[in-house]
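Okay, so here's the structure we're looking at.
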Amino acid sequence: MKLTTAEQMKELDRQAIEERGIPSIDLMERAAAGVAEAALALLPKRPGKCRGAALCGAGNNCGDGIAAARLLFLKGLKVRAFLVGDYEKLTPDALEETRRLSECGVELERFDPADESQRAWVLGCDVVIDALFGVGLSRPIGAGTPFAAAVDWMNESRAAVVAADIASGVSADTGAVLGRAVRADRTVTFTLPKIGQAVGEGAALSGNVEVRDIGIPADLVRGLVCRAQTVERDFARAALPPRRADGHKGTFGKVLIVGGAVGYTGAPYLTAAAAVRTGCGLVSLGVPETIWPVEAAKCVSAMPFPLPDKHGRLSPKAKEEILERAAGCDAVALGPGLGRGDGVTELVLDLLQKIQQPMVLDADGINALGGHIDVLDARRDRITVLTPHDGEFTRIGGDLTGSNRLGAARAFGAAHGCVLVLKGHRTLTAAPAGNVLVNTTGNSGLAKGGSGDVLTGIVAALLAQGATAVRAAAVGVWLHGRAGDLAAERLTPYGMTPEDVVSSLPAAIGEIL
């Protein structure tokens with residue numbers, strides 16, 4: 001699904017109102033109806049026994065909240081609406097909604113942070129509408145202001161909180177928290193979801209996001225070009241490489257995995273197991289000679305082979321055999337459990353320069369690029385997928401100082417001509433062209449050592465089977481997360497392991513066949 005910026009949504013609204021002649025008050029009424037319906041669905045009892053509050057700013061978002069309060073009142077709720085801001089700044093539509101609310105016998109009250117009766121009402125409500133700020137917020141909510149108090153009251157309330165369009169305090173473009181932000185149980189967002197609801201802290205603060213059609217013409221929505229989108233089941237289904245009925249093991253790709261070290265025998269095994277479970281025809285696994293017996297005992301469906309090592313880690317002397325084997329493969333995964341050291345760094349940099357096949361670089365394969373990013377730049381004419389977590393990303397020059405992970409991932413992929421998979425909550429896949437795909441699967445059970453090794457195997461297997469680099473990365477991340485969700489359903493996020501994720505891959509793939 002498309003993810004929009006604040007400016008894109010403002011432009012859509014302008015086109016609908018000014019060019020297509022749709023009354024803005026009609027858009028507001030439809031938006032309010034969506035918010036009110038969501039609020040009613042969250043009530044613990046029938047409306048006549050519940051009470052609610054709407055905390056409203058001074059822009060059009062305020063009008064959405066006022067109109068939603070009226071609709072809730074008409075359904076039987078005891079409702080109070082509070083204006084957190086200046087009455088003089090209300091838009092014409094918000095003023096009209098204030099008039100309609102007043103006709104129902106409910107007045108828009110001025111919010112007073114010092115009024116304990118107001119605070120008691122908000123904290124004791126069954127549902128609260130957050131209509132303080134819309135997508136246009138760009139400055140932090142200042143401490144000690146009435147807006148800060150309103151945010152705090154909503155977060156302290158026992159009520160279910162429904163945000164109108166976006167949780168107040170969340171940047172629509174980055175998901176960063178601007179000073180402080182509302183923790184919504186549900187966000188009813190209008191027309192299309194916003195980037196900030198899918199990434200960063202905003203993804204967690206938005207609660208369940210429901211997209212509401214408010215009457216923006218469909219052709220305007222279809223014609224909107226968005227450089228970010230979510231990866232959903234339909235995308236994964238369309239991007240999964242097909243399997244020929246008359247295929248053989250060579251048809252479905254050959255993957256070479258290079259990794260492992262003394263103390264890190266699990267990582268290459270997990271990568272190989274995941275590649276096999278993702279449909280790869282032949283999986284070879286090059287590991288230090290010292291640990292080869294361990295891998296040979298573990299791997300039944302993959303083919304481990306020993307490589308020259310030094311002190312339990314791969315030696316630069318392994319280069320020639322790796323290059324020879326890589327030449328006969330369709331994709332190479334480099335890094336799982338590799339370890340760190342001068343000899344390892346030398347080997348990794350040499351392989352990156354000489355291997356022509358698509359490569360997936362993970363873990364210590366990525367760390368070897370620290371101070372040597374020019375080696376990555378030299379692979380612009382070849383496919384390279386990097387799968388760092390935030391720490392590895394910053395070690396190779398990624399900039400996360402601005403609380404904009406999506407922007408940082410996009411900038412890195414474009415600057416270095418690679419596909420970047422920035423792992424974390426809502427993992428991001430950034431293409432060299434600047435497009436970013438946001439994952440929607442996964443859970444906290446994946447935050448365990450070994451999970452990244454599984455992902456590397458999935459992506460390498462999809463590459464070997466002919467998927468494009470961006471599709472292999474994005475669908476690989478989706479399958480990894482979905483398999484993790486299935487494992488968590490059986491075992492809980494506490495009890496699941498990376499091996500459980502691997503064993504759940506067939507079921508995850510089965511859902512999109």
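Residue numbers start at 1 in each chain; chains themselves are named A, B, ... in the order of the structure tokens; ligands are numbered from 1 in the order shown.
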* Can you list every residue in range 103-307 of chain A that DSSP puts in strand (DSSP E or B), as a PyMOL selection string? -> chain A and resi 108-110+127-131+160-164+170+177+186-190+194+208-212+228-231+254-258+282-288+303-307
Selection to disk with C-alpha atoms, as a tab-separated table (two decimals), in the first residue's frame:
```tsv
chain	number	residue	atom	x	y	z
A	108	LEU	CA	-17.05	23.49	22.71
A	109	GLU	CA	-15.21	24.16	25.99
A	110	ARG	CA	-11.90	25.95	26.36
A	127	VAL	CA	-13.13	6.76	24.75
A	128	VAL	CA	-11.12	9.86	23.83
A	129	ILE	CA	-10.74	11.42	20.39
A	130	ASP	CA	-7.29	12.83	19.68
A	131	ALA	CA	-7.79	15.72	17.25
A	160	ALA	CA	-9.40	3.87	24.47
A	161	VAL	CA	-7.77	6.61	22.38
A	162	VAL	CA	-8.76	7.10	18.75
A	163	ALA	CA	-6.53	9.43	16.74
A	164	ALA	CA	-8.03	11.43	13.88
A	170	VAL	CA	4.04	11.91	15.50
A	177	VAL	CA	8.12	11.90	18.09
A	186	ARG	CA	-6.54	3.08	16.94
A	187	THR	CA	-5.77	5.63	14.26
A	188	VAL	CA	-8.34	6.40	11.59
A	189	THR	CA	-6.26	7.88	8.81
A	190	PHE	CA	-7.82	9.45	5.76
A	194	LYS	CA	1.21	8.13	6.13
A	208	ASN	CA	-4.22	-0.30	14.75
A	209	VAL	CA	-4.33	1.91	11.66
A	210	GLU	CA	-7.59	1.98	9.69
A	211	VAL	CA	-7.63	3.75	6.32
A	212	ARG	CA	-10.87	5.63	5.69
A	228	ALA	CA	7.47	4.46	-0.04
A	229	GLN	CA	4.99	1.63	0.33
A	230	THR	CA	4.25	-1.27	2.61
A	231	VAL	CA	4.89	-4.89	1.67
A	254	LYS	CA	22.49	-22.61	-6.48
A	255	VAL	CA	23.54	-20.69	-3.38
A	256	LEU	CA	27.01	-20.53	-1.87
A	257	ILE	CA	27.20	-19.51	1.79
A	258	VAL	CA	30.54	-18.44	3.24
A	282	LEU	CA	21.44	-26.62	-4.24
A	283	VAL	CA	23.00	-25.01	-1.17
A	284	SER	CA	26.75	-25.19	-0.52
A	285	LEU	CA	28.33	-24.04	2.71
A	286	GLY	CA	31.99	-23.04	2.96
A	287	VAL	CA	33.27	-22.94	6.55
A	288	PRO	CA	36.62	-22.99	8.39
A	303	MET	CA	26.53	-29.40	1.42
A	304	PRO	CA	29.24	-28.11	3.79
A	305	PHE	CA	32.87	-28.12	2.70
A	306	PRO	CA	36.07	-27.15	4.59
A	307	LEU	CA	38.15	-24.07	3.84
```
* If you count only C-alpha atoms, which residues fall within 8 Å of range 501-512 of chain A, apart from same-chain ones fewer than 4 positions away, as an MDAnalysis selection string? -> chainID A and resid 233:234 236:237 270 273:274 277:278 451 454 479:480 482:484 486:487 496:497
Could the residues in this selection be saved with N, CA and C atoms as a short mmCIF file (atom, residue, chain, number, x, y, z; two decimals), in the first residue's frame?
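Full text of selection-v3.cif as output:
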```cif
data_model
loop_
_atom_site.label_atom_id
_atom_site.label_comp_id
_atom_site.auth_asym_id
_atom_site.auth_seq_id
_atom_site.Cartn_x
_atom_site.Cartn_y
_atom_site.Cartn_z
N ARG A 233 0.68 -8.99 1.71
CA ARG A 233 0.59 -10.36 1.20
C ARG A 233 0.53 -10.40 -0.33
N ASP A 234 -0.24 -9.52 -0.95
CA ASP A 234 -0.39 -9.53 -2.41
C ASP A 234 0.93 -9.24 -3.11
N ALA A 236 3.93 -9.87 -1.89
CA ALA A 236 4.77 -11.04 -1.70
C ALA A 236 4.36 -12.16 -2.66
N ARG A 237 3.06 -12.34 -2.83
CA ARG A 237 2.57 -13.39 -3.73
C ARG A 237 3.03 -13.13 -5.16
N LEU A 270 22.09 -22.03 10.12
CA LEU A 270 20.76 -21.43 10.01
C LEU A 270 20.55 -20.81 8.64
N ALA A 273 19.97 -23.72 6.21
CA ALA A 273 18.66 -24.34 6.41
C ALA A 273 17.55 -23.46 5.84
N ALA A 274 17.66 -22.14 6.04
CA ALA A 274 16.65 -21.22 5.52
C ALA A 274 16.65 -21.19 4.00
N ARG A 277 14.84 -24.29 2.83
CA ARG A 277 13.40 -24.19 3.10
C ARG A 277 12.70 -23.16 2.20
N THR A 278 13.49 -22.26 1.60
CA THR A 278 12.90 -21.25 0.72
C THR A 278 12.92 -21.70 -0.73
N SER A 451 18.41 -14.91 14.12
CA SER A 451 17.29 -14.53 13.24
C SER A 451 17.80 -13.87 11.95
N VAL A 454 18.94 -16.40 9.40
CA VAL A 454 17.82 -16.99 8.68
C VAL A 454 17.40 -16.09 7.52
N LEU A 479 8.56 -12.83 4.26
CA LEU A 479 8.46 -14.25 4.61
C LEU A 479 9.11 -14.54 5.96
N HIS A 480 10.24 -13.92 6.20
CA HIS A 480 10.94 -14.08 7.48
C HIS A 480 10.04 -13.65 8.63
N ARG A 482 6.72 -13.27 8.54
CA ARG A 482 5.50 -14.09 8.61
C ARG A 482 5.80 -15.44 9.25
N ALA A 483 6.92 -16.05 8.89
CA ALA A 483 7.31 -17.31 9.54
C ALA A 483 7.51 -17.09 11.03
N GLY A 484 8.06 -15.92 11.38
CA GLY A 484 8.21 -15.59 12.81
C GLY A 484 6.87 -15.45 13.50
N LEU A 486 4.09 -17.00 12.65
CA LEU A 486 3.52 -18.34 12.80
C LEU A 486 4.20 -19.09 13.94
N ALA A 487 5.50 -18.92 14.06
CA ALA A 487 6.22 -19.56 15.18
C ALA A 487 5.75 -19.00 16.51
N MET A 496 9.95 -19.02 21.08
CA MET A 496 10.37 -19.36 19.72
C MET A 496 11.86 -19.15 19.54
N THR A 497 12.43 -19.90 18.59
CA THR A 497 13.86 -19.80 18.28
C THR A 497 14.02 -19.58 16.78
#
```
* **Spatial neighbours of range 71-87 of chain A, max dist 9 Å, only C-alpha atoms, sep filter under 3 positions, as a VMD selection string** => chain A and resid 32 to 33 36 to 37 39 to 40 46 to 58 62 65 to 68 90 95 101 104 106 to 112 118 121 to 122 132 146 to 147 150
* Asked: Using the chain letters and numbers from this document, which residues of range 53-106 of chain A does DSSP assign to alpha helix (DSSP H), as a count of residues only?
  -> 27
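For the pair CA of Ala473 in chain A and CA of Gly413 in chain A, the interatomic distance is 12.9 Å.
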Name the residues in contact with Ala414 in chain A at a cut-off of 8 Å, using only C-alpha atoms, excluding same-chain residues fewer than 5 positions from it; report them as a tab-separated table (two decimals) with C-alpha atoms, in the first residue's frame.
```tsv
chain	number	residue	atom	x	y	z
A	431	ALA	CA	16.43	0.41	-3.58
A	432	PRO	CA	19.21	2.28	-5.38
A	433	ALA	CA	16.56	4.30	-7.23
A	434	GLY	CA	15.30	5.73	-3.91
```
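For range 406-412 of chain A, the residues within 8 Å (counting only C-alpha atoms, excluding itself and residues fewer than 5 positions away along the chain) are Thr174, Val199, Gly398, Asp399, Leu400, Leu420, Val421, Leu422, Leu428, Thr429, Ala430, Ala431, Pro432, Gly434, Asn435 and Val436 of chain A.
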Could the residues in this selection be saved with C-alpha atoms as an mmCIF file, in the first residue's frame?
```
data_model
loop_
_atom_site.group_PDB
_atom_site.id
_atom_site.type_symbol
_atom_site.label_atom_id
_atom_site.label_comp_id
_atom_site.auth_asym_id
_atom_site.auth_seq_id
_atom_site.Cartn_x
_atom_site.Cartn_y
_atom_site.Cartn_z
ATOM 1 C CA THR A 174 9.364 10.128 9.562
ATOM 2 C CA VAL A 199 8.008 3.446 10.548
ATOM 3 C CA GLY A 398 24.781 5.157 7.793
ATOM 4 C CA ASP A 399 23.369 8.268 9.470
ATOM 5 C CA LEU A 400 20.630 7.653 12.027
ATOM 6 C CA LEU A 420 19.812 -1.966 1.752
ATOM 7 C CA VAL A 421 17.752 -4.024 4.194
ATOM 8 C CA LEU A 422 17.776 -2.016 7.431
ATOM 9 C CA LEU A 428 13.083 -1.271 5.497
ATOM 10 C CA THR A 429 14.214 -2.308 2.019
ATOM 11 C CA ALA A 430 15.756 0.627 0.168
ATOM 12 C CA ALA A 431 16.429 0.407 -3.580
ATOM 13 C CA PRO A 432 19.214 2.284 -5.379
ATOM 14 C CA GLY A 434 15.296 5.731 -3.912
ATOM 15 C CA ASN A 435 12.128 3.691 -3.413
ATOM 16 C CA VAL A 436 11.629 2.167 0.039
#
```
* Asked: range 310-321 of chain A: which residues within 7 Å, counting only C-alpha atoms, same-chain residues fewer than 2 positions away excluded, as an NGL selection string?
  -> :A and (261-262 or 288 or 290 or 307-308 or 323-325 or 338-339 or 343-344 or 346-347)
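Computed from the coordinates, the CA of Ile322 in chain A to CA of Gly259 in chain A distance equals 11.0 Å.
Distances here use only C-alpha atoms; by that measure, the residue among A:Gly179, A:Pro193, A:Pro388, A:Pro217 closest to Ile17 in chain A is A:Pro217.
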* Structure fact -> Residue with the minimum atom-to-atom distance to Asp173 in chain A, picked from A:Leu137, A:Met154, A:Ala472, A:Ile458 with only C-alpha atoms counted, is A:Leu137
